[in-house]
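Engineer: The following block contains the structure, expressed as structure tokens.
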Amino acid sequence: MKKILLIGSTVADIIINLDHLPTTSADVNIVSQEMSLGGCAYNVSNMIHLFEVPYRLFSPVGTGLYGDFVRNQLAAKGLASPMPTPDQANGCCYCFVEEGGERTFVCDHGAEYLFYKEWFDTLKMEKVSSIYICGLEIEDKTGGTIVDFLEANSSIPLFFAPGPRICFIERTLVDRIFALHPIVHLNEDELCGFTRAATLEEGAKALYALTENMVIVTHGAEGAYYYDGDEFIHVPPVKAEKVVDTIGAGDSHIGTVMACLAKGRTPYEAIKTANAVSSLVVGKKGATLSKDELTITI
């Protein structure tokens with residue numbers, strides 16, 4: 001079985017729980033804080049790993065306090081960065097989680113978001129089944145290098161989960177990615193913000209016209225939808241028993257979709273399973289699940 005190639009960041013998430021976000025000049029106390037492994041590509045890889053689908057996490061790890069933390073955590077999990085350590089500090093992500101579970105990110109970008117051509121030259125693409133990218137790395141200054149690599153391997157299926165950065169990435173880069181016919185994974189705000197559509201269905205159809213491939217839209221407590229060029233299909237939610245925080249819910253969703261599709265499941269089956277996984281992720285602190293916490297099977 002070939003491997004899914006995951007291009008993106010692994011970061012130190014500093015999760016800060018508080019009752020509510022402060023306003024300008026306010027003074028508030030936090031409830032708790034902790035540091036954990038995160039980053040979109042890592043979160044996606046964790047879910048693919050739990051479903052026992054082969055993958056390769058292609059994620060640079062920089063220097064400094066946060067780089068050491070990431071490197072040690074990856075080693076403890078039996079994962080090693082496949083690239084040399086850049087001579088630049090790793091950043092981190094401050095995740096402010098309010099009482100209701102909603103999260104706000106404040107990011108310090110470092111070496112984990114930068115990619116260079118010589119690193120891609122080390123990859124054996126004949127062993128790759130599909131590729132995942134998110135928006136943060138494309139938006140950064142070496143995003144064009146990633147797109148060059150994707151274009152050189154245009155025959156390999158591509159999954160693109162741009163997140164809220166889709167409206168900030170240089171449009172020429174977005175158009176080049178869309179020309180590769182990716183499966184795009186977005187939430188409602190991201191889809192409608194980019195397409196300026198009034199409804200999810202209109203937005204999905206508008207995006208499909210640009211990519212000519214399936215569009216997956218997550219819609220919180222209402223579940224998810226997908227448009228395959230013929231039908232706009234609703235996939236019902238799996239209600240979460242509780243909501244602790246929503247960090248990593250989208251990453252876990254697309255990671256599960258990719259794992260299920262790799263195992264031969266239909267898009268509906270894959271998204272249905274992903275909805276169940278997301279309900280588990282929001283019910284715990286942090287972005288990822290452990291093997292024991294994954295209480296569903298595919």
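Simple scheme: letters A, B, ... for chains in structure tokens order, numbers from 1 for residues in each chain, numbers from 1 for ligands in the order shown.
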Using 8 Å as the limit and counting only C-alpha atoms, can you tabulate each residue of stretch 59-122 of chain A that touches stretch 1-23 of chain A, with its shortest atom-to-atom distance in Å and the two atoms involved, as a Markdown table?
Structural biologist:
```
| residue | atom | partner | partner_atom | distance |
| --- | --- | --- | --- | --- |
| A:Ser59 | CA | A:Ser9 | CA | 5.4 |
| A:Pro60 | CA | A:Ser9 | CA | 6.9 |
| A:Val61 | CA | A:Thr10 | CA | 7.3 |
| A:Tyr66 | CA | A:Ala12 | CA | 6.0 |
| A:Gly67 | CA | A:Val11 | CA | 7.9 |
| A:Phe69 | CA | A:Ala12 | CA | 7.1 |
| A:Val70 | CA | A:Ala12 | CA | 6.2 |
| A:Asn90 | CA | A:Val11 | CA | 7.5 |
| A:Gly91 | CA | A:Val11 | CA | 6.8 |
| A:Cys92 | CA | A:Ala12 | CA | 4.9 |
| A:Cys93 | CA | A:Asp13 | CA | 4.9 |
| A:Tyr94 | CA | A:Ile14 | CA | 4.8 |
| A:Cys95 | CA | A:Ile15 | CA | 4.7 |
| A:Phe96 | CA | A:Ile16 | CA | 4.9 |
| A:Val97 | CA | A:Asn17 | CA | 4.8 |
| A:Glu98 | CA | A:His20 | CA | 5.0 |
| A:Glu99 | CA | A:Asp19 | CA | 4.9 |
| A:Glu112 | CA | A:Ser9 | CA | 5.2 |
| A:Tyr113 | CA | A:Ser9 | CA | 5.8 |
```
Engineer: Could you list, as a PDB file with N, CA and C atoms, in the first residue's frame, every residue within 8 Å of stretch 223-232 of chain A, counting only C-alpha atoms and ignoring same-chain residues fewer than 5 positions away?
Structural biologist:
```
ATOM      1  N   GLU A 201     -24.724  25.316  -0.706  1.00  0.00           N
ATOM      2  CA  GLU A 201     -24.834  24.638  -1.994  1.00  0.00           C
ATOM      3  C   GLU A 201     -24.302  25.509  -3.126  1.00  0.00           C
ATOM      4  N   ALA A 204     -20.472  25.537  -2.792  1.00  0.00           N
ATOM      5  CA  ALA A 204     -19.851  24.276  -3.196  1.00  0.00           C
ATOM      6  C   ALA A 204     -19.837  24.141  -4.715  1.00  0.00           C
ATOM      7  N   LYS A 205     -20.926  24.530  -5.360  1.00  0.00           N
ATOM      8  CA  LYS A 205     -20.996  24.447  -6.819  1.00  0.00           C
ATOM      9  C   LYS A 205     -20.021  25.437  -7.465  1.00  0.00           C
ATOM     10  N   TYR A 208     -16.574  23.922  -7.045  1.00  0.00           N
ATOM     11  CA  TYR A 208     -16.426  22.768  -7.937  1.00  0.00           C
ATOM     12  C   TYR A 208     -16.140  23.224  -9.367  1.00  0.00           C
ATOM     13  N   GLU A 212     -13.197  21.161 -10.379  1.00  0.00           N
ATOM     14  CA  GLU A 212     -13.724  19.980 -11.060  1.00  0.00           C
ATOM     15  C   GLU A 212     -13.484  18.708 -10.247  1.00  0.00           C
ATOM     16  N   ASN A 213     -13.613  18.860  -8.918  1.00  0.00           N
ATOM     17  CA  ASN A 213     -13.482  17.708  -8.028  1.00  0.00           C
ATOM     18  C   ASN A 213     -14.334  17.946  -6.784  1.00  0.00           C
ATOM     19  N   MET A 214     -14.487  16.912  -5.992  1.00  0.00           N
ATOM     20  CA  MET A 214     -15.381  16.955  -4.837  1.00  0.00           C
ATOM     21  C   MET A 214     -15.031  18.079  -3.864  1.00  0.00           C
ATOM     22  N   VAL A 215     -16.059  18.728  -3.364  1.00  0.00           N
ATOM     23  CA  VAL A 215     -15.936  19.772  -2.351  1.00  0.00           C
ATOM     24  C   VAL A 215     -16.621  19.265  -1.085  1.00  0.00           C
ATOM     25  N   ILE A 216     -15.886  19.276   0.043  1.00  0.00           N
ATOM     26  CA  ILE A 216     -16.417  18.824   1.339  1.00  0.00           C
ATOM     27  C   ILE A 216     -16.533  20.038   2.249  1.00  0.00           C
ATOM     28  N   VAL A 217     -17.708  20.205   2.848  1.00  0.00           N
ATOM     29  CA  VAL A 217     -17.959  21.363   3.703  1.00  0.00           C
ATOM     30  C   VAL A 217     -18.433  20.888   5.075  1.00  0.00           C
ATOM     31  N   THR A 218     -17.675  21.192   6.114  1.00  0.00           N
ATOM     32  CA  THR A 218     -18.129  20.879   7.472  1.00  0.00           C
ATOM     33  C   THR A 218     -19.029  22.004   7.968  1.00  0.00           C
ATOM     34  N   PRO A 237     -24.773  14.707  11.442  1.00  0.00           N
ATOM     35  CA  PRO A 237     -23.739  14.785  12.489  1.00  0.00           C
ATOM     36  C   PRO A 237     -23.829  13.623  13.457  1.00  0.00           C
ATOM     37  N   VAL A 238     -22.781  13.459  14.230  1.00  0.00           N
ATOM     38  CA  VAL A 238     -22.799  12.606  15.414  1.00  0.00           C
ATOM     39  C   VAL A 238     -22.658  13.563  16.599  1.00  0.00           C
ATOM     40  N   ILE A 271     -17.095  10.505   5.104  1.00  0.00           N
ATOM     41  CA  ILE A 271     -17.491  11.723   5.797  1.00  0.00           C
ATOM     42  C   ILE A 271     -18.332  11.398   7.028  1.00  0.00           C
ATOM     43  N   ASN A 275     -17.358  12.619  10.729  1.00  0.00           N
ATOM     44  CA  ASN A 275     -18.246  13.344  11.644  1.00  0.00           C
ATOM     45  C   ASN A 275     -18.198  12.730  13.045  1.00  0.00           C
TER      46      ASN A 275
END
```
Engineer: If you run DSSP on the backbone, which residues of stretch 4-204 of chain A are helix (DSSP H, G or I), as a ChimeraX atom specification?
Structural biologist: /A:40-50,64-76,111-113,117-120,125-127,135-139,143-152,163-167,171-178,188-195,200-204
Engineer: Which residues are close to stretch 41-52 of chain A, i.e. within 10 Å by only C-alpha atoms, leaving aside same-chain residues fewer than 6 positions away? Reply as a PyMOL selection string.
Structural biologist: chain A and resi 4-11+58-59+74+132-134+247-260+262-263+274+277+287-292+294+296-298
Engineer: How about saving the chosen residues, N, CA and C atoms kept, as a short mmCIF file (atom, residue, chain, number, x, y, z; two decimals), in the first residue's frame?
Structural biologist:
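File out_5.cif, as written:
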```cif
data_model
loop_
_atom_site.label_atom_id
_atom_site.label_comp_id
_atom_site.auth_asym_id
_atom_site.auth_seq_id
_atom_site.Cartn_x
_atom_site.Cartn_y
_atom_site.Cartn_z
N ILE A 4 0.32 8.09 2.03
CA ILE A 4 -0.20 9.46 1.90
C ILE A 4 0.92 10.41 2.33
N LEU A 5 1.23 11.39 1.51
CA LEU A 5 2.25 12.39 1.82
C LEU A 5 1.59 13.62 2.41
N LEU A 6 1.99 13.96 3.63
CA LEU A 6 1.40 15.09 4.35
C LEU A 6 2.43 16.22 4.44
N ILE A 7 2.17 17.31 3.74
CA ILE A 7 3.08 18.45 3.70
C ILE A 7 2.53 19.55 4.60
N GLY A 8 3.28 19.90 5.64
CA GLY A 8 2.78 20.95 6.52
C GLY A 8 3.50 21.00 7.84
N SER A 9 2.90 21.69 8.78
CA SER A 9 3.60 22.04 10.02
C SER A 9 3.30 21.08 11.17
N THR A 10 4.30 20.98 12.05
CA THR A 10 4.13 20.40 13.38
C THR A 10 4.59 21.46 14.37
N VAL A 11 3.73 21.83 15.29
CA VAL A 11 4.05 22.95 16.18
C VAL A 11 3.79 22.60 17.63
N PHE A 58 5.80 15.07 6.25
CA PHE A 58 6.88 15.88 5.68
C PHE A 58 6.82 17.25 6.33
N SER A 59 7.50 17.39 7.47
CA SER A 59 7.28 18.54 8.34
C SER A 59 8.60 19.00 8.95
N LEU A 74 7.87 14.10 18.93
CA LEU A 74 7.82 13.22 17.76
C LEU A 74 8.61 11.94 18.01
N TYR A 132 -1.48 15.71 0.82
CA TYR A 132 -2.27 16.66 1.60
C TYR A 132 -1.48 17.96 1.78
N ILE A 133 -2.18 19.08 1.63
CA ILE A 133 -1.61 20.39 1.97
C ILE A 133 -2.69 21.21 2.68
N CYS A 134 -2.27 22.17 3.50
CA CYS A 134 -3.22 23.12 4.07
C CYS A 134 -2.84 24.52 3.60
N ILE A 247 -10.32 22.63 19.04
CA ILE A 247 -8.99 22.59 18.43
C ILE A 247 -8.82 21.26 17.67
N GLY A 248 -8.43 21.35 16.41
CA GLY A 248 -8.11 20.16 15.64
C GLY A 248 -9.29 19.41 15.07
N ALA A 249 -10.51 19.89 15.27
CA ALA A 249 -11.68 19.16 14.77
C ALA A 249 -11.66 19.06 13.25
N GLY A 250 -11.32 20.15 12.58
CA GLY A 250 -11.27 20.13 11.12
C GLY A 250 -10.15 19.25 10.60
N ASP A 251 -8.99 19.31 11.25
CA ASP A 251 -7.85 18.48 10.85
C ASP A 251 -8.19 17.00 11.00
N SER A 252 -8.81 16.65 12.12
CA SER A 252 -9.18 15.25 12.34
C SER A 252 -10.22 14.80 11.33
N HIS A 253 -11.09 15.71 10.93
CA HIS A 253 -12.13 15.38 9.95
C HIS A 253 -11.51 15.03 8.60
N ILE A 254 -10.65 15.90 8.08
CA ILE A 254 -10.04 15.61 6.77
C ILE A 254 -9.10 14.42 6.85
N GLY A 255 -8.40 14.25 7.98
CA GLY A 255 -7.53 13.09 8.13
C GLY A 255 -8.32 11.79 8.08
N THR A 256 -9.48 11.78 8.72
CA THR A 256 -10.33 10.59 8.70
C THR A 256 -10.88 10.34 7.30
N VAL A 257 -11.30 11.40 6.63
CA VAL A 257 -11.80 11.25 5.26
C VAL A 257 -10.73 10.61 4.37
N MET A 258 -9.51 11.11 4.46
CA MET A 258 -8.42 10.58 3.63
C MET A 258 -8.13 9.11 3.97
N ALA A 259 -8.13 8.78 5.25
CA ALA A 259 -7.88 7.40 5.67
C ALA A 259 -8.97 6.47 5.16
N CYS A 260 -10.23 6.89 5.28
CA CYS A 260 -11.34 6.05 4.83
C CYS A 260 -11.33 5.87 3.33
N ALA A 262 -8.75 5.96 1.42
CA ALA A 262 -7.61 5.08 1.12
C ALA A 262 -7.97 3.62 1.35
N LYS A 263 -8.93 3.39 2.27
CA LYS A 263 -9.36 2.02 2.55
C LYS A 263 -10.52 1.57 1.67
N ALA A 274 -15.90 10.53 9.61
CA ALA A 274 -15.19 11.74 10.03
C ALA A 274 -16.05 12.58 10.97
N VAL A 277 -15.67 11.03 14.34
CA VAL A 277 -14.36 11.31 14.92
C VAL A 277 -14.31 12.74 15.45
N ALA A 287 -5.90 18.70 20.29
CA ALA A 287 -6.26 18.52 18.90
C ALA A 287 -6.33 17.08 18.43
N THR A 288 -5.83 16.13 19.21
CA THR A 288 -5.71 14.77 18.71
C THR A 288 -6.28 13.74 19.69
N LEU A 289 -6.54 12.57 19.14
CA LEU A 289 -7.00 11.44 19.94
C LEU A 289 -5.88 10.43 20.12
N SER A 290 -5.97 9.66 21.17
CA SER A 290 -5.10 8.50 21.34
C SER A 290 -5.82 7.27 20.79
N LYS A 291 -5.10 6.15 20.69
CA LYS A 291 -5.72 4.93 20.21
C LYS A 291 -6.88 4.52 21.10
N ASP A 292 -6.72 4.68 22.40
CA ASP A 292 -7.78 4.28 23.34
C ASP A 292 -9.00 5.19 23.22
N LEU A 294 -10.09 6.57 20.45
CA LEU A 294 -10.79 6.35 19.18
C LEU A 294 -11.72 5.15 19.35
N ILE A 296 -14.38 4.28 17.60
CA ILE A 296 -15.10 3.84 16.41
C ILE A 296 -14.14 3.09 15.51
N THR A 297 -14.68 2.32 14.62
CA THR A 297 -13.85 1.56 13.67
C THR A 297 -14.35 1.79 12.25
N ILE A 298 -13.49 1.53 11.29
CA ILE A 298 -13.93 1.60 9.89
C ILE A 298 -13.54 0.31 9.21
#
```
Engineer: Tell me which of A:Thr142, A:Thr104, A:Thr172, A:Thr295 sits closest to A:Val281, counting only C-alpha atoms.
Structural biologist: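 When distances to A:Val281 are compared using only C-alpha atoms, the smallest one comes from A:Thr295.
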Engineer: Tell me, as a count of residues only, which residues lie within 12 Å of A:Val174, counting only C-alpha atoms; anything in the same chain fewer than 2 positions away does not count.
Structural biologist: 32
Engineer: If you measure from atom CA of A:Gly220 to atom CA of A:Arg265, what distance in Å do you get, rounded to one decimal?
Structural biologist: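 Calculated distance between atom CA of A:Gly220 and atom CA of A:Arg265 is 22.6 Å.
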Engineer: Work out how far atom CA of A:Leu280 is from atom CA of A:Glu293, in Å to one decimal.
Structural biologist: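 One can read the atom CA of A:Glu293 to atom CA of A:Leu280 distance as 7.8 Å.
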Engineer: Output as an NGL selection string all residues of stretch 43-279 of chain A that backbone DSSP marks as strand (DSSP E or B).
Structural biologist: :A and (55-58 or 63 or 89 or 92-97 or 103-108 or 128-134 or 158-161 or 183-187 or 215-218 or 224-227 or 232-235)
Engineer: Provide the atom CA of A:Leu57 to atom CA of A:Leu79 distance in Å, to one decimal place.
Structural biologist: 8.5 Å
Engineer: Measuring atom to atom with only C-alpha atoms, identify which of A:Asn187, A:Ser278, A:Thr63, A:Ser129 is nearest to A:Phe159.
Structural biologist: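 That would be A:Ser129, the residue with the smallest distance to A:Phe159.
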Engineer: Quick one: of A:Thr273, A:Thr145, A:Ser279, A:Thr24, who's nearest to A:Phe115, counting only C-alpha atoms?
Structural biologist: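 The answer is A:Thr145, which sits nearest to A:Phe115.
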